[in-house]
Each structure stands twice: as structure tokens, then as C-alpha cells.
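K.L.:
Mind having a look at this structure? Questions to follow.
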Amino acid sequence: MVNGHNPFSALSRESENAPTEGKELRPRSCALRRNPNRSAAFPVSRRGVLSLGGAVLTGMMIAPRRAAAALSVDITQANVQPLPIAILDFIGSPGAADTARAITQIIANDLKRCGLFAPIDPAAYIEKIASVDAVPHFADWRAINAQALVAGRVVRQSDGRLNAEFRLWDIVAGSQLAGQKYFTTPDNWRRIAHIISDDIYEKLTGEKGYFDSRVVFVDETGPGQRRVKRLAIMDQDGANVRYLTRGGELVLTPRFSPSTQEVTYMAYGQGQPRVYLLNVETGQREVVGNFPGMSFAPRFSPDGQRVIMSLQEGPNSNIFVMDLRSKAMTRLTNTPAIDTSPCYSPDGSRICFESDRGGSQQIYVMAAGGGPAQRISFGEGRYSTPVWSPSGDYIAFTRIYENKFAIGVMKPDGSGERILTEGFDNEGPTFCPNGRVIMFFRDPGGNSGPSLFTIDITGRNELREPTPNYASDPAWSPLLS
């Protein structure tokens, strides 16, 4: 149940009279577009494509009927029972069979790793569906407790492009929930899989997915005292790791722009810290400025036009914001304390930050233009590294108490605090694009090094994120466009 309604029945009705659609998937720097072979083609962003919703493939709509029991995926509760879902091997045309199988596996992994879905072992399937156009025999799928079914096909066209399509069926109601075609170059097959996962996630939960996104992080190699740190980027599932810097300078705390595929980060090259802007697609880098007194990571404003940071002034530090166009700096705090780690709310109206103005590190919230600040953390221990959820409903933090480092969330007014995970040296929370999963890093110390982990905001589903080496300081991108 999402926001008090059944996502299956609501979205089934929305799909009833939807037209056939095909979408062309371009490289990451371009937008998704309508099938150019259809009339009235026009450019549309990926978010726009997915928000159209309910596009159904020709001739396959089955009139929905009332389900015997309401289906629901409640993504806000800690006692979520993963939804049993059957994911058929996508059918591949000659030359596309291996790609079809790989796409199937990525979809199954995406849905399983998020913790909301339980892919059913194919050995349990009763019906063997040989065509994506076939209407399932729903009784056979109910017999194995499947509540949703995914079928798909991948065709390599004469022009070399891939045509990937899928259908999502509501087994309980006996109706098709979604159907979509995507066209792309063969090297974009992984993105097709993640976008299909996002489609399925949205139809079954009522919220946007987050699988078609990336993570920038600090890759660490070598012994602890001579650790080489390089900026790296990967898909959210750990695939396609690519290095953005060569390791010749110390890099710290990368942060994604909310509006472009750019990151801002700190680097120590000649002993003085510099803040850089880096386009992760082109590799173009520019210096934002030299900030000898910077005490924590810079972060973008929601519109990507400003960077907020804290600068040290003697024993204290205060919060400043820089306009990236004019390079003008504006002071936001002026206290005899350490104000640091600022982060904007998603609407840009407020910031959260940590400060010891009350005697110990705590989290405060104030207007984005400065002014009085309200303390919102009152639990035992010290609070640090606050970060606002993209959905605006939570602030994540690190809490240090009795030598334990916990990752938790609270509402922006400080209520509803929950610890999601704790252990030795958990740090650096970052939200996925829909705000339902947090990534952080954990460093056990000793002869080991840091690793990346994810956990959902219920605290139920913690997973280690695969990386080639030690990894720290993750920052999640917005959905790719």
C-alpha cells in the first residue's frame, strides 16, 4: 500500500486505454526519445518518458477484474514482505540471446537487491511461455504464489540497434500492468535493464525507481599509510567502474550535481585544497576556487547554480555559499563555533548542518539564506554528516555514541529518529534518487580498508556494494537523463 491506495489496482485502471509506445534510448548525455518511426516524434527526457506511465503494447490489454485479495508493496514499514515475482528469461533473437539473458539477470538482481521483491526460482514455474505476446495462464502462476510476472524480448534489428520490450502482469487481478519498447545501440543494454527495473518498481510501489543511476566514490589502494585515492564512478549495482582521476593528488568527498552529470570534489595537489567541478562524461575539469580553510565537503544547491561549504576561520568555521557563475561568496553563519557539513533541502529553501554551538556536535536546520538555526538532534552522543533526502521527508546522519558509529534518519523537525545500522566507523550517508535507500562506507580499521554498503530506510535490508578495491565517500547521482 502506498499513500493509502493499492498500487496494482490504481495503475491497472490508468493503463486501460493507453496507446502503444516505443522509446529510443540514447547515450547518457542525450535524452530518451519516442520511436522515430512513429509520427509526431519529439524529444522527451527519461523522467518524462517514465511519468507518462501505463503505455501498453498493441493488442494485449486484458480488462482488469477485482482481485480476490488486495496486493500491496508498503515501502515505508520495517516488516515489508517481499512481493513474489516471476521473471521469465527474455527471449532473444539470433545475435541477441546472450544480451537477453544478461538483461533478465540484471532485472532480477535489481529487484531482489532493493529488498521489496522476491524473484521466484524458475524451477518452480509450471507454465512455459514461449512468446512475449502470449497471455499467461494466470492459474498456473497463482499456484506458485507469484503475484506479478515479467516477460520480455530482445531483438537485434537490421540497422544494428537493439529493440527491447517487456510486459508486466498482475497475476492476482489477471491483467497487464505495463508494456514498453526501448530502442538503443547494443552498448546500452545495461541501461535498458535498469530502466525496465525502474518501470517495474514504479508500477508496483507507486514511486520512481532508482536503478538507472550511478555512484561516484573514492577508490583506495595501497597500504594504509600510503593509500592512493582516485575518484571513480560506477553504476549503482557496482558495474562499469571507471576512474576519473589518476591518483596523483589526494581527492576527497565528491558530490553529484542534482541537475547535471557533474561532480564537485576537494583535491590536495600542492598542499592547498582546491575545489573542482568535473564533467563525468567529457572529463572537463575547472577550478571553483582555492579554499585553504575549507573544513568539509562542498555541496551543490538543488538548481546546480551554487555550492555551499564551510570555511575555517581561526579555531572556528562558518558556512558560506558561492554562486558558480559570478564566484561571489555569501556568509550564512557567523558564530564562535564550528558550523560545518551543510546540505540543502530538495526545494532549496533550507539547509541542515552540524554545529557544536551547544557544546557538542549536533544537527541544526535554518533558512537557506541564513538566520536563526533550530537544533533537531537530541539523542545520546554526537551527530554529524547530515544529508537531506531527495524526497524531503528525512535527514540522514552519522551518530557517534560509546565508540559506535551509527547511520540513522530523522524527520526534518527532529522527530521519528531511527538508527538503521551501527558498528565501527560507519560514515558518509548518501541517498539514492528516490530517497528509499542510503549508501555509506564502513572502515573496520586495522589492516583492512573501507567498503561501501547500502541499507533501506527501514533498516531491514543491508548489503555490501561490490567495488574493485577499498572504497569510501560515496555520492549517489540523480536519475540519468
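FYI, nothing fancy with the C-alpha cells labels: chains A, B, ... in order, residues from 1 per chain, ligands from 1 as they appear.
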For Arg331 in chain A, find every residue with an atom within 10 Å (counting only C-alpha atoms), except residues of its own chain fewer than 4 positions away, and show them as a JSON list (two decimals) with C-alpha atoms, in the first residue's frame.

P.N.:
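File written: part-v3.json
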```
[["chain", "number", "residue", "atom", "x", "y", "z"],
["A", 308, "ILE", "CA", 27.67, 25.54, -0.19],
["A", 309, "MET", "CA", 30.66, 24.85, 2.07],
["A", 310, "SER", "CA", 32.22, 25.59, 5.44],
["A", 311, "LEU", "CA", 35.43, 27.61, 5.78],
["A", 318, "ASN", "CA", 31.32, 29.11, 9.30],
["A", 319, "ILE", "CA", 29.09, 28.33, 6.34],
["A", 320, "PHE", "CA", 29.37, 30.14, 3.03],
["A", 321, "VAL", "CA", 27.71, 29.77, -0.35],
["A", 322, "MET", "CA", 29.32, 30.52, -3.72],
["A", 369, "GLY", "CA", 19.72, 32.49, 3.29],
["A", 370, "GLY", "CA", 20.89, 32.30, 6.89]]
```

K.L.:
Can you tell me which residues surround Asn426 in chain A at a distance of at most 9 Å, considering only C-alpha atoms, apart from same-chain residues fewer than 4 positions away, and format the answer as a compact mmCIF listing (two decimals) with C-alpha atoms, in the first residue's frame?

P.N.:
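Produced file around-v3.txt, reproduced below:
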```txt
# COMPACT_ATOMS: atom_id res chain seq x y z
CA THR A 398 26.05 9.65 11.46
CA ARG A 399 25.73 9.28 15.25
CA LYS A 404 29.89 3.05 17.86
CA PHE A 405 29.19 4.79 14.59
CA ALA A 406 25.53 4.54 13.61
CA ILE A 407 23.75 5.57 10.41
CA THR A 421 22.74 0.24 11.30
CA GLU A 422 25.67 0.62 13.65
CA PHE A 440 27.52 4.69 3.23
CA PHE A 441 31.01 3.40 3.90
CA ARG A 442 32.34 1.29 6.76
CA ASP A 443 36.00 1.11 7.75
CA PRO A 444 36.85 -1.69 10.21
```

K.L.:
Could you check the closest approach to Ser131 in chain A for each of A:Ile91, A:Leu480, A:Leu463, A:Val216 and tell me which residue wins, using only C-alpha atoms?

P.N.:
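Among A:Ile91, A:Leu480, A:Leu463, A:Val216, it is A:Ile91 that comes nearest to Ser131 in chain A.
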
K.L.:
Hey, which of A:Cys114, A:Ile126, A:Val172, A:Ala267 ends up closest to Ser197 in chain A? Count only C-alpha atoms.

P.N.:
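Ranking A:Cys114, A:Ile126, A:Val172, A:Ala267 by distance to Ser197 in chain A, first place goes to A:Cys114.
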
K.L.:
Here is a test: counting only C-alpha atoms, which residue of A:Val241, A:Ala367, A:Leu162, A:Leu111 is nearest to Tyr344 in chain A?

P.N.:
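Of A:Val241, A:Ala367, A:Leu162, A:Leu111, the one nearest Tyr344 in chain A, counting only C-alpha atoms, is A:Ala367.
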
K.L.:
What gap, in Å, lies between CA of Ser213 in chain A and CA of Ile171 in chain A?

P.N.:
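Between CA of Ser213 in chain A and CA of Ile171 in chain A the gap works out to 29.3 Å.
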
K.L.:
Find the residues near Asn469 in chain A: any atom within 7 Å, counting only C-alpha atoms, skip ones fewer than 5 places away on the same chain, and give them as an NGL selection string.

P.N.:
:A and (219-221)

K.L.:
Take the residues just selected and output them with N, CA and C atoms as a PDB file, in the first residue's frame.

P.N.:
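selection_7.pdb written:
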```
ATOM      1  N   ASP A 219      38.105   5.591  -4.725  1.00  0.00           N
ATOM      2  CA  ASP A 219      38.726   4.273  -4.802  1.00  0.00           C
ATOM      3  C   ASP A 219      40.070   4.338  -4.086  1.00  0.00           C
ATOM      4  N   GLU A 220      40.336   3.354  -3.196  1.00  0.00           N
ATOM      5  CA  GLU A 220      41.537   3.394  -2.377  1.00  0.00           C
ATOM      6  C   GLU A 220      42.351   2.115  -2.561  1.00  0.00           C
ATOM      7  N   THR A 221      43.636   2.274  -2.848  1.00  0.00           N
ATOM      8  CA  THR A 221      44.538   1.141  -2.995  1.00  0.00           C
ATOM      9  C   THR A 221      45.831   1.432  -2.256  1.00  0.00           C
TER      10      THR A 221
END
```

K.L.:
Which distance in Å separates CA of Leu452 in chain A and CA of Cys432 in chain A, to one decimal?

P.N.:
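We find that CA of Leu452 in chain A and CA of Cys432 in chain A lie 13.6 Å from each other.
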
K.L.:
With DSSP run on the backbone, what are the alpha helix (DSSP H) residues within range 111-240 of chain A? I'd like them as a ChimeraX atom specification.

P.N.:
/A:111-113,138-142,189-205

K.L.:
Can you work out the spacing between CA of Pro478 in chain A and CA of Gly348 in chain A in Å, to one decimal?

P.N.:
15.8 Å

K.L.:
Return the single residue from A:Lys411, A:Glu262, A:Lys229, A:Met366 that is closest to Arg246 in chain A, with distances computed using only C-alpha atoms.

P.N.:
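Of the candidates, the smallest distance to Arg246 in chain A is held by A:Lys229.
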
K.L.:
For the structure I just gave you, how does DSSP split range 181-221 of chain A - specifically, which residues are strand (DSSP E or B)? Reply as a PyMOL selection string.

P.N.:
chain A and resi 181-184+214-221

K.L.:
With a distance cut-off of 10 Å and only C-alpha atoms, select the neighbouring residues of Ser477 in chain A, excluding the residue or stretch itself and same-chain residues fewer than 4 positions from it, and output the selection as a ChimeraX atom specification.

P.N.:
/A:210,212-216,233,235-236,255-263,430-433

K.L.:
Let's have the selection written as a PDB file, in the first residue's frame, with C-alpha atoms.

P.N.:
```pdb
ATOM      1  CA  TYR A 210      16.469   4.395  -8.743  1.00  0.00           C
ATOM      2  CA  ASP A 212      19.238   3.808 -13.674  1.00  0.00           C
ATOM      3  CA  SER A 213      21.679   5.878 -11.639  1.00  0.00           C
ATOM      4  CA  ARG A 214      25.362   5.981 -10.779  1.00  0.00           C
ATOM      5  CA  VAL A 215      27.604   6.470  -7.759  1.00  0.00           C
ATOM      6  CA  VAL A 216      30.817   8.469  -7.584  1.00  0.00           C
ATOM      7  CA  ILE A 233      32.313   6.230 -10.876  1.00  0.00           C
ATOM      8  CA  ASP A 235      26.591   2.058 -11.964  1.00  0.00           C
ATOM      9  CA  GLN A 236      24.518   1.784  -8.788  1.00  0.00           C
ATOM     10  CA  ARG A 255      29.318  15.231  -4.563  1.00  0.00           C
ATOM     11  CA  PHE A 256      26.997  14.977  -7.569  1.00  0.00           C
ATOM     12  CA  SER A 257      25.176  17.915  -9.056  1.00  0.00           C
ATOM     13  CA  PRO A 258      21.397  17.414  -8.795  1.00  0.00           C
ATOM     14  CA  SER A 259      20.851  18.854 -12.270  1.00  0.00           C
ATOM     15  CA  THR A 260      23.804  17.715 -14.425  1.00  0.00           C
ATOM     16  CA  GLN A 261      26.289  14.870 -14.684  1.00  0.00           C
ATOM     17  CA  GLU A 262      28.908  16.915 -12.857  1.00  0.00           C
ATOM     18  CA  VAL A 263      30.632  16.345  -9.545  1.00  0.00           C
ATOM     19  CA  THR A 430      24.089   9.418   0.673  1.00  0.00           C
ATOM     20  CA  PHE A 431      20.535   8.889  -0.601  1.00  0.00           C
ATOM     21  CA  CYS A 432      19.508   7.181  -3.830  1.00  0.00           C
ATOM     22  CA  PRO A 433      17.357   9.323  -6.178  1.00  0.00           C
TER      23      PRO A 433
END
```

K.L.:
Select, from A:Val251, A:Met410, A:Ala96, A:Leu420, the residue with the minimum atom-to-atom distance to Gly160 in chain A, counting only C-alpha atoms.

P.N.:
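The shortest atom-to-atom distance to Gly160 in chain A comes from A:Ala96.
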
K.L.:
Taking 2 positions as the minimum chain separation for residues in the same chain, which residues sit within 12 Å of Val409 in chain A when counting only C-alpha atoms? Answer as a PyMOL selection string.

P.N.:
chain A and resi 363+376-377+379+383-389+392-399+406-407+411-421+429-431+435-438+455-459

K.L.:
What does the file look like for those residues with N, CA and C atoms, as a short mmCIF file (atom, residue, chain, number, x, y, z; two decimals), in the first residue's frame?

P.N.:
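So the final result, stored in out31.cif, reads:
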```
data_model
loop_
_atom_site.label_atom_id
_atom_site.label_comp_id
_atom_site.auth_asym_id
_atom_site.auth_seq_id
_atom_site.Cartn_x
_atom_site.Cartn_y
_atom_site.Cartn_z
N ILE A 363 22.87 18.40 15.04
CA ILE A 363 22.34 18.80 13.74
C ILE A 363 21.38 19.97 13.91
N ILE A 376 17.83 20.03 15.91
CA ILE A 376 16.85 18.96 15.73
C ILE A 376 17.30 17.61 16.27
N SER A 377 18.58 17.46 16.66
CA SER A 377 19.06 16.18 17.20
C SER A 377 19.21 16.28 18.71
N GLY A 379 19.36 13.03 20.70
CA GLY A 379 19.69 11.71 21.23
C GLY A 379 21.04 11.72 21.92
N TYR A 383 26.29 13.97 16.69
CA TYR A 383 25.67 13.80 15.37
C TYR A 383 26.48 14.57 14.33
N SER A 384 26.62 13.96 13.15
CA SER A 384 27.42 14.61 12.11
C SER A 384 26.93 14.18 10.72
N THR A 385 27.54 14.74 9.69
CA THR A 385 27.32 14.46 8.26
C THR A 385 25.83 14.38 7.88
N PRO A 386 25.03 15.38 8.22
CA PRO A 386 23.62 15.32 7.83
C PRO A 386 23.45 15.49 6.32
N VAL A 387 22.49 14.79 5.76
CA VAL A 387 22.20 14.92 4.32
C VAL A 387 20.70 14.77 4.13
N TRP A 388 20.13 15.68 3.36
CA TRP A 388 18.68 15.73 3.16
C TRP A 388 18.26 14.74 2.08
N SER A 389 17.19 14.02 2.32
CA SER A 389 16.66 13.09 1.33
C SER A 389 16.15 13.84 0.11
N GLY A 392 12.69 14.78 0.53
CA GLY A 392 12.43 15.81 1.53
C GLY A 392 11.91 15.33 2.85
N ASP A 393 11.65 14.02 2.99
CA ASP A 393 10.99 13.54 4.20
C ASP A 393 11.94 13.16 5.32
N TYR A 394 13.23 12.97 5.02
CA TYR A 394 14.19 12.55 6.05
C TYR A 394 15.50 13.30 5.91
N ILE A 395 16.22 13.35 7.02
CA ILE A 395 17.62 13.74 7.04
C ILE A 395 18.40 12.56 7.58
N ALA A 396 19.38 12.09 6.83
CA ALA A 396 20.24 11.01 7.29
C ALA A 396 21.44 11.61 8.04
N PHE A 397 22.04 10.82 8.92
CA PHE A 397 23.13 11.34 9.74
C PHE A 397 24.03 10.19 10.19
N THR A 398 25.19 10.56 10.72
CA THR A 398 26.05 9.65 11.46
C THR A 398 25.96 10.02 12.93
N ARG A 399 25.75 9.02 13.80
CA ARG A 399 25.73 9.28 15.25
C ARG A 399 26.85 8.49 15.90
N ALA A 406 26.83 4.98 14.13
CA ALA A 406 25.53 4.54 13.61
C ALA A 406 25.09 5.43 12.46
N ILE A 407 24.41 4.84 11.48
CA ILE A 407 23.75 5.57 10.41
C ILE A 407 22.26 5.56 10.72
N LYS A 411 13.16 12.91 10.82
CA LYS A 411 12.40 13.87 10.03
C LYS A 411 13.04 15.25 10.17
N PRO A 412 12.76 16.16 9.25
CA PRO A 412 13.42 17.47 9.30
C PRO A 412 13.14 18.28 10.56
N ASP A 413 12.09 17.92 11.29
CA ASP A 413 11.84 18.61 12.56
C ASP A 413 12.47 17.88 13.74
N GLY A 414 13.22 16.81 13.47
CA GLY A 414 13.89 16.06 14.52
C GLY A 414 13.10 14.89 15.07
N SER A 415 11.85 14.74 14.68
CA SER A 415 11.04 13.64 15.19
C SER A 415 11.33 12.36 14.42
N GLY A 416 10.88 11.25 14.97
CA GLY A 416 10.96 9.97 14.29
C GLY A 416 12.37 9.46 14.06
N GLU A 417 13.30 9.78 14.95
CA GLU A 417 14.67 9.30 14.76
C GLU A 417 14.74 7.78 14.82
N ARG A 418 15.46 7.19 13.87
CA ARG A 418 15.66 5.74 13.84
C ARG A 418 17.09 5.43 13.45
N ILE A 419 17.72 4.53 14.17
CA ILE A 419 19.04 4.04 13.81
C ILE A 419 18.85 2.86 12.86
N LEU A 420 19.51 2.93 11.71
CA LEU A 420 19.37 1.89 10.70
C LEU A 420 20.43 0.81 10.82
N THR A 421 21.65 1.21 11.15
CA THR A 421 22.74 0.24 11.30
C THR A 421 23.83 0.89 12.14
N PRO A 429 26.69 9.00 4.79
CA PRO A 429 25.45 8.57 4.13
C PRO A 429 25.13 9.40 2.90
N THR A 430 24.56 8.76 1.89
CA THR A 430 24.09 9.42 0.67
C THR A 430 22.83 8.71 0.19
N PHE A 431 21.82 9.46 -0.20
CA PHE A 431 20.53 8.89 -0.60
C PHE A 431 20.53 8.54 -2.09
N GLY A 435 15.12 8.40 -2.52
CA GLY A 435 15.19 8.59 -1.08
C GLY A 435 14.89 7.37 -0.26
N ARG A 436 14.82 6.17 -0.86
CA ARG A 436 14.43 4.97 -0.13
C ARG A 436 15.59 4.09 0.27
N VAL A 437 16.79 4.39 -0.24
CA VAL A 437 17.98 3.60 0.08
C VAL A 437 19.12 4.56 0.36
N ILE A 438 19.95 4.21 1.33
CA ILE A 438 21.11 5.01 1.71
C ILE A 438 22.36 4.18 1.47
N ILE A 455 21.67 0.39 2.65
CA ILE A 455 20.63 -0.05 3.57
C ILE A 455 19.37 0.76 3.25
N ASP A 456 18.21 0.11 3.30
CA ASP A 456 16.99 0.86 3.03
C ASP A 456 16.58 1.61 4.29
N ILE A 457 15.66 2.56 4.14
CA ILE A 457 15.33 3.45 5.26
C ILE A 457 14.50 2.76 6.32
N THR A 458 14.12 1.50 6.12
CA THR A 458 13.50 0.73 7.20
C THR A 458 14.56 0.07 8.07
N GLY A 459 15.81 0.02 7.58
CA GLY A 459 16.87 -0.64 8.33
C GLY A 459 16.86 -2.15 8.18
#
```
